[in-house]
file model20.cif (mmCIF, C-alpha atoms)
data_query
loop_
_atom_site.label_atom_id
_atom_site.label_comp_id
_atom_site.auth_asym_id
_atom_site.auth_seq_id
_atom_site.Cartn_x
_atom_site.Cartn_y
_atom_site.Cartn_z
CA MET A 1106 88.89 187.96 140.41
CA SER A 1107 88.02 191.57 139.73
CA GLN A 1108 84.38 190.47 139.45
CA LEU A 1109 84.43 188.82 142.86
CA THR A 1110 86.32 191.54 144.76
CA PRO A 1111 86.35 195.19 143.63
CA LEU A 1112 89.92 196.37 143.45
CA ASP A 1113 91.36 199.83 143.58
CA GLU A 1114 93.40 200.59 140.48
CA ALA A 1115 96.11 202.12 142.63
CA ASP A 1116 96.59 198.80 144.34
CA TYR A 1117 97.81 196.92 141.29
CA THR A 1118 99.40 199.63 139.14
CA ASN A 1119 102.94 200.81 139.47
CA THR A 1120 103.70 204.17 141.09
CA PRO A 1121 105.19 206.63 138.56
CA THR A 1122 108.47 208.38 139.40
CA ARG A 1123 109.62 211.85 138.51
CA ASP A 1124 111.43 210.65 135.40
CA GLY A 1125 108.26 208.98 134.10
CA THR A 1126 109.32 205.41 134.78
CA ALA A 1127 107.33 203.02 136.89
CA LYS A 1128 108.49 202.09 140.36
CA HIS A 1129 107.97 198.39 140.96
CA ASN A 1130 106.69 197.66 144.40
CA ASP A 1131 105.75 194.09 143.63
CA ASP A 1132 105.87 192.73 147.15
CA VAL A 1133 103.75 195.56 148.55
CA ASN A 1134 101.23 195.49 145.72
CA VAL A 1135 100.81 191.72 145.95
CA ALA A 1136 100.26 191.97 149.67
CA ARG A 1137 97.59 194.62 149.19
CA LEU A 1138 95.82 192.53 146.60
CA LEU A 1139 95.84 189.39 148.72
CA LYS A 1140 94.57 191.37 151.68
CA LYS A 1141 91.52 192.46 149.67
CA MET A 1142 90.80 188.96 148.38
CA PRO A 1143 89.23 186.83 151.15
CA ILE A 1144 89.15 183.79 148.94
CA LEU A 1145 92.95 183.60 149.03
CA ARG A 1146 93.42 184.73 152.64
CA THR A 1147 93.95 182.49 155.66
CA ASP A 1148 91.99 182.84 158.83
CA ASP A 1149 94.64 185.07 160.37
CA GLY A 1150 94.65 187.41 157.38
CA PHE A 1151 97.66 189.00 155.74
CA ASP A 1152 99.97 191.71 156.93
CA GLU A 1153 102.19 193.67 154.61
CA GLN A 1154 104.97 193.21 157.09
CA GLU A 1155 104.58 189.43 156.90
CA VAL A 1156 104.57 189.09 153.13
CA VAL A 1157 108.17 190.05 152.51
CA MET A 1158 110.24 187.48 154.33
CA GLU A 1159 113.85 186.45 154.26
CA THR A 1160 115.27 183.05 155.06
CA PRO A 1161 117.22 183.11 158.33
CA PRO A 1162 120.94 182.56 157.80
CA ASN A 1163 120.92 179.42 159.90
CA GLN A 1164 118.31 177.81 157.60
CA ILE A 1165 120.04 178.47 154.28
CA LEU A 1166 120.97 175.09 152.76
CA ALA A 1167 124.46 174.52 151.49
CA PRO A 1168 124.75 173.55 147.80
CA LEU A 1169 124.89 169.81 147.12
CA PRO A 1170 128.25 168.36 146.15
CA ILE A 1171 128.70 167.46 142.49
CA SER A 1172 128.84 163.72 143.29
CA ALA A 1173 125.39 163.88 144.90
CA VAL A 1174 123.96 165.80 141.95
CA LYS A 1175 125.22 163.10 139.58
CA GLN A 1176 123.57 160.39 141.68
CA ILE A 1177 120.24 162.24 141.73
CA SER A 1178 120.36 162.77 137.97
CA LYS A 1179 120.59 158.99 137.49
CA ILE A 1180 117.30 158.43 139.31
CA LYS A 1181 114.44 157.96 136.85
CA GLU A 1182 110.83 158.41 137.77
CA THR A 1183 108.78 155.28 137.18
CA HIS A 1184 105.06 155.30 136.62
CA PRO A 1185 102.76 152.30 136.87
CA THR A 1186 101.71 150.80 133.54
CA ARG A 1187 98.17 151.76 132.68
CA ASN A 1188 95.90 149.15 131.16
CA LYS A 1189 94.91 150.15 127.65
CA THR A 1190 91.22 149.78 126.89
CA LEU A 1191 90.06 150.02 123.30
CA LEU A 1192 87.35 152.59 122.67
CA ALA A 1193 83.92 151.14 122.00
CA ILE A 1194 83.78 152.86 118.60
CA LEU A 1195 86.76 150.78 117.47
CA ARG A 1196 85.07 147.51 118.39
CA SER A 1197 82.68 145.63 116.20
CA PRO A 1198 80.08 146.17 114.95
CA PHE A 1199 81.64 149.59 114.30
CA THR A 1200 84.77 147.96 112.89
CA ARG A 1201 83.94 145.27 110.33
CA LYS A 1202 86.21 142.25 110.65
CA LYS A 1203 84.31 139.29 109.27
CA VAL A 1204 85.01 138.76 105.58
CA SER A 1205 81.87 139.53 103.62
CA LEU A 1206 80.58 137.26 100.89
CA ALA A 1207 78.27 140.00 99.63
CA THR A 1208 80.99 142.32 98.33
CA ARG A 1209 83.08 142.10 95.21
CA TRP A 1210 86.84 141.96 95.27
CA SER A 1211 88.41 145.32 95.89
CA LYS A 1212 91.17 146.63 93.65
CA ALA A 1213 93.69 145.84 96.37
CA GLU A 1214 92.45 142.24 96.66
CA ILE A 1215 92.73 141.77 92.91
CA ASN A 1216 96.24 143.22 92.71
CA ILE A 1217 97.59 141.31 95.72
CA SER A 1218 96.10 137.96 94.70
CA GLU A 1219 97.34 138.31 91.11
CA THR A 1220 100.82 139.09 92.40
CA ILE A 1221 100.95 136.01 94.64
CA PHE A 1222 99.27 133.69 92.14
CA ALA A 1223 101.69 134.79 89.42
CA ALA A 1224 104.02 132.26 91.07
CA ASN A 1225 107.12 133.82 89.56
CA LYS A 1226 109.19 134.22 92.74
CA ASP A 1227 111.24 131.85 94.87
CA VAL A 1228 108.92 129.35 96.57
CA TRP A 1229 110.80 129.72 99.86
CA ASN A 1230 110.48 133.49 100.13
CA THR A 1231 108.90 134.48 103.45
CA VAL A 1232 105.58 136.26 102.88
CA PHE A 1233 104.10 135.98 106.38
CA GLU A 1234 106.00 136.46 109.61
CA THR A 1235 105.07 137.51 113.13
CA LYS A 1236 107.20 138.92 115.92
CA HIS A 1237 106.68 135.69 117.82
CA GLY A 1238 108.41 133.58 115.19
CA ILE A 1239 105.64 132.26 112.92
CA ILE A 1240 107.25 132.12 109.46
CA VAL A 1241 105.38 130.97 106.35
CA SER A 1242 106.87 130.70 102.87
CA ARG A 1243 105.35 131.80 99.58
CA VAL A 1244 104.52 128.31 98.34
CA SER A 1245 102.26 127.71 101.34
CA LEU A 1246 100.13 130.77 100.55
CA GLU A 1247 100.02 129.74 96.88
CA THR A 1248 97.86 126.78 97.98
CA MET A 1249 95.06 129.32 98.42
CA TYR A 1250 94.62 129.20 94.65
CA PRO A 1251 91.22 127.66 93.73
CA GLY A 1252 91.32 123.91 93.18
CA LEU A 1253 94.20 123.23 95.58
CA LYS A 1254 94.08 121.88 99.12
CA VAL A 1255 95.19 124.51 101.63
CA HIS A 1256 98.49 123.85 103.38
CA ILE A 1257 98.40 123.38 107.16
CA SER A 1258 100.59 126.45 107.78
CA VAL A 1259 97.89 128.65 106.23
CA LEU A 1260 95.50 127.64 109.00
CA ASP A 1261 98.17 128.54 111.55
CA CYS A 1262 98.40 131.99 109.94
CA TRP A 1263 94.64 132.28 110.12
CA SER A 1264 94.58 131.38 113.82
CA ALA A 1265 97.20 134.04 114.50
CA VAL A 1266 95.19 136.65 112.60
CA LEU A 1267 91.95 135.80 114.40
CA ASN A 1268 93.68 135.90 117.79
CA SER A 1269 95.08 139.34 116.99
CA GLU A 1270 91.57 140.63 116.32
CA ASP A 1271 90.35 139.68 119.77
CA LYS A 1272 90.94 143.27 120.96
CA PHE A 1273 88.28 144.43 118.49
CA ARG A 1274 85.75 141.97 119.86
CA ASN A 1275 82.29 143.26 120.61
CA LYS A 1276 81.78 142.97 124.36
CA LYS A 1277 78.56 141.06 123.70
CA ASP A 1278 80.37 138.39 121.71
CA PRO A 1279 82.11 135.42 123.35
CA LYS A 1280 85.83 135.67 123.95
CA ARG A 1281 87.48 133.16 121.64
CA MET A 1282 90.92 131.59 121.35
CA PHE A 1283 92.16 129.90 118.18
CA CYS A 1284 94.77 127.15 118.36
CA TYR A 1285 97.07 125.69 115.73
CA CYS A 1286 96.64 122.40 113.90
CA ASN A 1287 99.64 120.77 115.52
CA MET A 1288 98.45 120.93 119.13
CA LEU A 1289 98.95 117.17 119.04
CA GLY A 1290 100.92 115.34 116.38
CA ASP A 1291 99.76 112.22 114.57
CA LYS A 1292 101.73 109.97 116.90
CA ASP A 1293 100.09 111.61 119.94
CA PHE A 1294 96.69 110.26 118.92
CA ASP A 1295 97.91 106.68 119.06
CA ILE A 1296 96.24 104.92 121.99
CA THR A 1297 99.58 103.34 122.88
CA VAL A 1298 101.20 106.73 123.56
CA ASN A 1299 101.97 107.55 127.18
CA GLU A 1300 99.28 109.95 128.37
CA GLU A 1301 101.76 112.04 130.32
CA GLU A 1302 103.80 112.65 127.18
CA ARG A 1303 100.65 113.63 125.29
CA ILE A 1304 99.66 116.10 128.01
CA LYS A 1305 103.17 117.52 128.08
CA THR A 1306 103.08 118.16 124.32
CA PHE A 1307 99.68 119.81 124.52
CA ASN A 1308 100.63 121.98 127.51
CA THR A 1309 103.78 123.19 125.75
CA ASN A 1310 101.83 124.18 122.66
CA MET A 1311 99.09 125.87 124.70
CA ASP A 1312 101.64 127.89 126.65
CA ARG A 1313 103.15 128.94 123.34
CA ILE A 1314 99.76 130.20 122.09
CA LEU A 1315 99.19 132.14 125.31
CA ARG A 1316 102.60 133.72 124.91
CA TYR A 1317 101.91 134.61 121.27
CA THR A 1318 98.54 136.14 122.17
CA GLU A 1319 100.09 137.91 125.18
CA LYS A 1320 97.65 136.27 127.59
CA LYS A 1321 98.54 134.83 130.97
CA THR A 1322 95.88 132.13 131.24
CA ILE A 1323 93.17 130.38 129.31
CA ILE A 1324 90.73 131.07 132.15
CA GLY A 1325 88.34 133.79 131.00
CA PHE A 1326 87.97 132.58 127.42
CA ASP A 1327 84.52 131.38 126.37
CA LEU A 1328 85.28 129.33 123.25
CA LEU A 1329 88.39 127.40 122.21
CA PHE A 1330 88.89 126.31 118.59
CA ILE A 1331 91.30 123.52 117.66
CA PRO A 1332 91.55 122.63 113.94
CA ILE A 1333 92.36 119.01 113.16
CA LEU A 1334 94.03 117.48 110.11
CA TYR A 1335 93.30 113.78 109.78
CA SER A 1336 93.62 111.63 106.69
CA LYS A 1337 94.16 114.73 104.48
CA HIS A 1338 90.94 116.29 105.72
CA TYR A 1339 90.43 119.36 107.92
CA TYR A 1340 87.72 119.93 110.50
CA VAL A 1341 87.57 121.96 113.69
CA ILE A 1342 86.53 121.20 117.26
CA CYS A 1343 84.93 123.98 119.31
CA PHE A 1344 85.08 123.66 123.10
CA ASN A 1345 82.57 125.76 125.02
CA LEU A 1346 84.30 126.71 128.29
CA THR A 1347 81.30 128.48 129.85
CA GLN A 1348 78.47 126.04 129.16
CA PRO A 1349 80.40 122.79 128.73
CA GLN A 1350 79.91 121.55 125.19
CA VAL A 1351 82.10 119.92 122.53
CA HIS A 1352 81.11 120.58 118.91
CA VAL A 1353 82.75 118.94 115.91
CA ILE A 1354 82.31 121.20 112.87
CA ASP A 1355 82.96 119.35 109.62
CA ASN A 1356 81.92 120.32 106.09
CA LEU A 1357 81.51 116.69 105.01
CA ALA A 1358 77.98 115.37 105.30
CA SER A 1359 79.03 111.75 105.54
CA LYS A 1360 76.75 109.54 107.62
CA ALA A 1361 79.63 107.33 108.68
CA ASP A 1362 79.93 106.32 112.31
CA PHE A 1363 81.47 109.07 114.47
CA ASP A 1364 84.34 106.98 115.81
CA ALA A 1365 85.02 105.37 112.46
CA LYS A 1366 85.19 108.74 110.77
CA TYR A 1367 87.31 110.64 113.31
CA GLY A 1368 89.30 107.80 114.89
CA GLN A 1369 88.72 108.87 118.50
CA ARG A 1370 90.61 112.11 117.86
CA PRO A 1371 87.93 114.44 119.25
CA GLN A 1372 87.72 112.36 122.44
CA ILE A 1373 91.51 112.25 122.86
CA MET A 1374 91.79 116.01 122.29
CA GLN A 1375 88.96 116.61 124.74
CA LYS A 1376 90.56 114.47 127.43
CA THR A 1377 93.95 116.12 126.95
CA LEU A 1378 92.46 119.61 127.06
CA CYS A 1379 90.57 118.83 130.25
CA SER A 1380 93.79 117.58 131.86
CA TYR A 1381 95.35 120.92 131.01
CA LEU A 1382 92.33 122.78 132.42
CA GLU A 1383 92.62 120.83 135.66
CA ILE A 1384 96.27 121.80 135.95
CA VAL A 1385 95.50 125.53 135.55
CA GLY A 1386 92.49 125.31 137.88
CA HIS A 1387 89.65 125.90 135.44
CA PRO A 1388 86.33 125.56 137.33
CA LEU A 1389 84.57 123.63 134.54
CA ALA A 1390 87.31 121.13 133.73
CA SER A 1391 85.51 118.15 135.23
CA GLU A 1392 82.17 119.06 133.62
CA LEU A 1393 83.71 119.49 130.17
CA LYS A 1394 85.40 116.12 130.58
CA MET A 1395 81.99 114.44 130.87
CA CYS A 1396 80.55 116.01 127.69
CA LYS A 1397 79.99 113.89 124.62
CA PRO A 1398 81.29 115.38 121.35
CA VAL A 1399 78.45 116.33 118.98
CA ARG A 1400 78.80 116.71 115.22
CA LEU A 1401 76.90 119.75 113.95
CA GLU A 1402 74.62 119.27 110.96
CA MET A 1403 74.75 122.49 108.93
CA TRP A 1404 72.75 122.86 105.72
CA TRP A 1405 75.86 123.95 103.78
CA ARG A 1406 77.70 120.65 104.36
CA THR A 1407 79.00 118.96 101.23
CA HIS A 1408 78.89 115.52 99.62
CA TYR A 1409 81.27 116.02 96.70
CA ASN A 1410 83.76 118.69 97.76
CA SER A 1411 86.95 117.21 99.16
CA VAL A 1412 89.28 120.09 98.23
CA ASP A 1413 87.94 123.11 100.10
CA CYS A 1414 87.83 121.61 103.61
CA GLY A 1415 90.55 124.05 104.74
CA ILE A 1416 88.51 127.05 103.56
CA PHE A 1417 85.46 125.66 105.35
CA VAL A 1418 87.48 125.43 108.57
CA MET A 1419 88.67 129.02 108.19
CA ARG A 1420 85.09 130.21 107.66
CA HIS A 1421 83.76 128.18 110.57
CA MET A 1422 86.45 129.50 112.89
CA GLU A 1423 85.75 133.06 111.80
CA THR A 1424 81.97 133.00 112.18
CA TYR A 1425 80.97 130.39 114.78
CA LYS A 1426 80.01 131.76 118.20
CA CYS A 1427 78.24 128.71 119.62
CA THR A 1428 74.81 129.93 118.56
CA PRO A 1429 72.06 127.66 117.16
CA ILE A 1430 72.69 126.72 113.52
CA LYS A 1431 69.58 128.56 112.34
CA VAL A 1432 71.03 131.89 113.52
CA TRP A 1433 74.67 131.11 112.69
CA LEU A 1434 75.72 133.84 110.24
CA CYS A 1435 78.10 131.76 108.17
CA GLY A 1436 76.82 133.07 104.84
CA LEU A 1437 77.53 129.93 102.81
CA LEU A 1438 74.96 128.56 100.39
CA LYS A 1439 74.10 124.92 99.86
CA GLU A 1440 76.46 122.89 97.74
CA VAL A 1441 74.18 122.96 94.70
CA GLU A 1442 73.36 126.68 94.97
CA GLY A 1443 76.68 128.27 94.02
CA GLN A 1444 78.74 127.40 97.06
CA ARG A 1445 81.91 126.70 95.03
CA GLY A 1446 81.97 130.28 93.77
CA GLN A 1447 81.72 131.55 97.35
CA LEU A 1448 84.62 129.37 98.44
CA ASN A 1449 86.80 130.64 95.59
CA ASP A 1450 85.84 134.15 96.60
CA LEU A 1451 86.91 133.46 100.18
CA ARG A 1452 90.25 132.08 99.01
CA VAL A 1453 91.23 135.45 97.60
CA LYS A 1454 89.82 137.48 100.48
CA TYR A 1455 91.40 135.30 103.15
CA LEU A 1456 94.75 135.37 101.34
CA VAL A 1457 94.72 139.17 101.28
CA LYS A 1458 93.55 139.46 104.85
CA ILE A 1459 96.40 137.26 106.06
CA LEU A 1460 99.06 139.11 104.07
CA MET A 1461 97.76 142.58 104.97
CA SER A 1462 97.29 141.82 108.66
CA ASP A 1463 99.06 144.22 111.01
CA ILE A 1464 100.82 141.28 112.65
CA ASN A 1465 102.56 140.41 109.37
CA ILE A 1466 106.09 141.83 109.47
CA GLN A 1467 106.38 141.22 105.71
CA LYS A 1468 103.37 143.41 104.93
CA ASP A 1469 105.40 146.31 103.50
CA ALA A 1470 107.47 143.93 101.40
CA ILE A 1471 104.27 142.50 99.91
CA VAL A 1472 103.00 145.99 99.10
CA ALA A 1473 106.29 146.79 97.36
CA GLU A 1474 106.07 143.55 95.39
CA VAL A 1475 102.53 144.37 94.27
CA ARG A 1476 103.65 147.77 93.03
CA GLN A 1477 106.52 146.17 91.14
CA PHE A 1478 104.23 143.58 89.55
CA ALA A 1479 101.89 146.36 88.41
CA LYS A 1480 104.69 147.52 86.06
CA VAL A 1481 104.76 144.18 84.25
CA ARG A 1482 103.36 144.33 80.73
CA ASP A 1483 99.77 143.19 80.27
CA GLU A 1484 100.81 140.55 77.73
CA GLU A 1485 103.17 138.94 80.23
CA LYS A 1486 100.50 139.01 82.95
CA GLU A 1487 98.02 137.27 80.67
CA ALA A 1488 100.59 134.59 79.85
CA LEU A 1489 101.14 133.98 83.57
CA LYS A 1490 97.39 133.69 84.15
CA LYS A 1491 96.89 131.02 81.51
CA SER A 1492 99.36 128.61 83.07
CA ARG A 1493 99.26 129.54 86.76
CA PHE A 1494 97.14 126.61 88.00
CA GLU A 1495 99.50 124.01 86.52
CA ARG A 1496 102.55 126.02 87.56
CA ILE A 1497 101.38 126.52 91.15
CA LYS A 1498 100.34 122.88 91.45
CA GLU A 1499 103.79 121.77 90.26
CA ARG A 1500 105.53 124.17 92.67
CA VAL A 1501 103.43 122.93 95.58
CA GLU A 1502 103.96 119.23 94.82
CA SER A 1503 107.71 119.63 94.46
CA ALA A 1504 108.18 121.84 97.53
CA ILE A 1505 105.71 120.47 100.07
#

call {"tool": "encode", "arguments": {"input": "model20.cif", "output": "structure tokens"}}
result
Amino acid sequence: MSQLTPLDEADYTNTPTRDGTAKHNDDVNVARLLKKMPILRTDDGFDEQEVVMETPPNQILAPLPISAVKQISKIKETHPTRNKTLLAILRSPFTRKKVSLATRWSKAEINISETIFAANKDVWNTVFETKHGIIVSRVSLETMYPGLKVHISVLDCWSAVLNSEDKFRNKKDPKRMFCYCNMLGDKDFDITVNEEERIKTFNTNMDRILRYTEKKTIIGFDLLFIPILYSKHYYVICFNLTQPQVHVIDNLASKADFDAKYGQRPQIMQKTLCSYLEIVGHPLASELKMCKPVRLEMWWRTHYNSVDCGIFVMRHMETYKCTPIKVWLCGLLKEVEGQRGQLNDLRVKYLVKILMSDINIQKDAIVAEVRQFAKVRDEEKEALKKSRFERIKERVESAI
């Protein structure tokens, strides 16, 4: 302010008294300063006589009674909830989420997988749990060991993990929702089942997924994935909710008739989903209902692999964005070009990603278990490795 308005030093210093102390004339000095500063002065200007004012006796407020003070102290200020938007730098491609097939196992992946595949703990111990009530036991995750068919609850874990990563989605990518395998039970696919009961079951499960993902409606999502388990085989159906399409993504390259192979399940799921979309007022419900399911023909489909269908479904759900197959970045080789090694690699990486997900309440317990297993003697670890396939297979068959 001294640069804008030259001030006299006498205006803002204290007047010395005879005994050497300063006499504080704050009110007068402040008035003089304000008078010389037009930027702070009103149109009428300031008068030293007007600066020092006293409240008239008739305007002095009486102190509030203690009862009123207590009531006021109970009042809490409320502020509207602000929508949290994730910074662009935390979204992909800045944050890598898709499991890479080009990298070797990290030390953490090796330690965690060896701890789980040691199969030396109670099969019913909970190793994956979410705040919404998804609970998966140890024996289910042990089915991720190479050579075993993945348990259905593992795919439910995977759907929960993928849904949790939606906040990291690149804005250019489609918004996807991942459902659980039991959207409809086996009995619901029977043509004799009352359609209203089937729709009721589906609607209940869809509302549960929306609640778990903390979403209010399915409207606004671009792609919907529903994994299917039929005759001990997994495949996934992708519903395009922006440009109505229904894609059946199956790793088996069988040339069997569509209806004979899938038993009308894609059509029944499509019809049930469209009934749900009509109820919630989705604008493309009627158009999607008219689409014919199409089976995609990827070059990495298999003729001889009937064990890894669950891993294929997990990879397809993770990477498919409804792009043409030639630009679909799945990363899998052909069956005769080393694909089995890639699938075994994914088993370990997917296992670790599920267990170390932020939504897993048991994450810290798993970390503690890994540290404890690291103290086991090397000879004992080697003995566990030699027999773990047979031991895990026996545990799975007896428990599941």

call {"tool": "residues_around", "arguments": {"input": "model20.cif", "residues": "range 1384-1388 of chain A", "least_positions_apart": "3", "cutoff": "10 Å", "atoms": "all atoms listed in the file", "output": "mmCIF file with C-alpha atoms, in the coordinates of the input"}}
result
data_model
loop_
_atom_site.group_PDB
_atom_site.id
_atom_site.type_symbol
_atom_site.label_atom_id
_atom_site.label_comp_id
_atom_site.auth_asym_id
_atom_site.auth_seq_id
_atom_site.Cartn_x
_atom_site.Cartn_y
_atom_site.Cartn_z
ATOM 1 C CA ASN A 1308 100.630 121.980 127.510
ATOM 2 C CA THR A 1322 95.880 132.130 131.240
ATOM 3 C CA ILE A 1323 93.170 130.380 129.310
ATOM 4 C CA ILE A 1324 90.730 131.070 132.150
ATOM 5 C CA GLY A 1325 88.340 133.790 131.000
ATOM 6 C CA LEU A 1346 84.300 126.710 128.290
ATOM 7 C CA THR A 1347 81.300 128.480 129.850
ATOM 8 C CA LEU A 1378 92.460 119.610 127.060
ATOM 9 C CA CYS A 1379 90.570 118.830 130.250
ATOM 10 C CA SER A 1380 93.790 117.580 131.860
ATOM 11 C CA TYR A 1381 95.350 120.920 131.010
ATOM 12 C CA SER A 1391 85.510 118.150 135.230
ATOM 13 C CA GLU A 1392 82.170 119.060 133.620
ATOM 14 C CA LEU A 1393 83.710 119.490 130.170
#

call {"tool": "resolve_selection", "arguments": {"input": "model20.cif", "expression": "the PyMOL selection byres ((chain A and resi 1399-1415) around 6)", "output": "PyMOL selection string"}}
result
chain A and resi 1254-1255+1339+1352-1354+1356-1358+1398+1416-1418+1438-1440

call {"tool": "atom_distance", "arguments": {"input": "model20.cif", "atom1": "CA of Leu1456 in chain A", "atom2": "CA of Thr1220 in chain A"}}
result
11.4 Å

call {"tool": "residues_around", "arguments": {"input": "model20.cif", "residues": "Glu1219 in chain A", "least_positions_apart": "6", "cutoff": "9 Å", "atoms": "all atoms listed in the file", "output": "list in words"}}
result
Val1475, Phe1478, Lys1486 and Lys1490 of chain A

call {"tool": "resolve_selection", "arguments": {"input": "model20.cif", "expression": "the PyMOL selection byres ((chain A and resi 1228-1233) around 6)", "output": "list in words"}}
result
Asp1227, Glu1234, Ile1240, Val1241, Ser1242, Arg1243, Val1244, Asn1465 and Gln1467 of chain A

call {"tool": "residues_around", "arguments": {"input": "model20.cif", "residues": "Val1472 in chain A", "least_positions_apart": "2", "cutoff": "10 Å", "atoms": "all atoms listed in the file", "output": "MDAnalysis selection string"}}
result
chainID A and resid 1213 1216:1217 1220 1460:1461 1467:1470 1474:1478
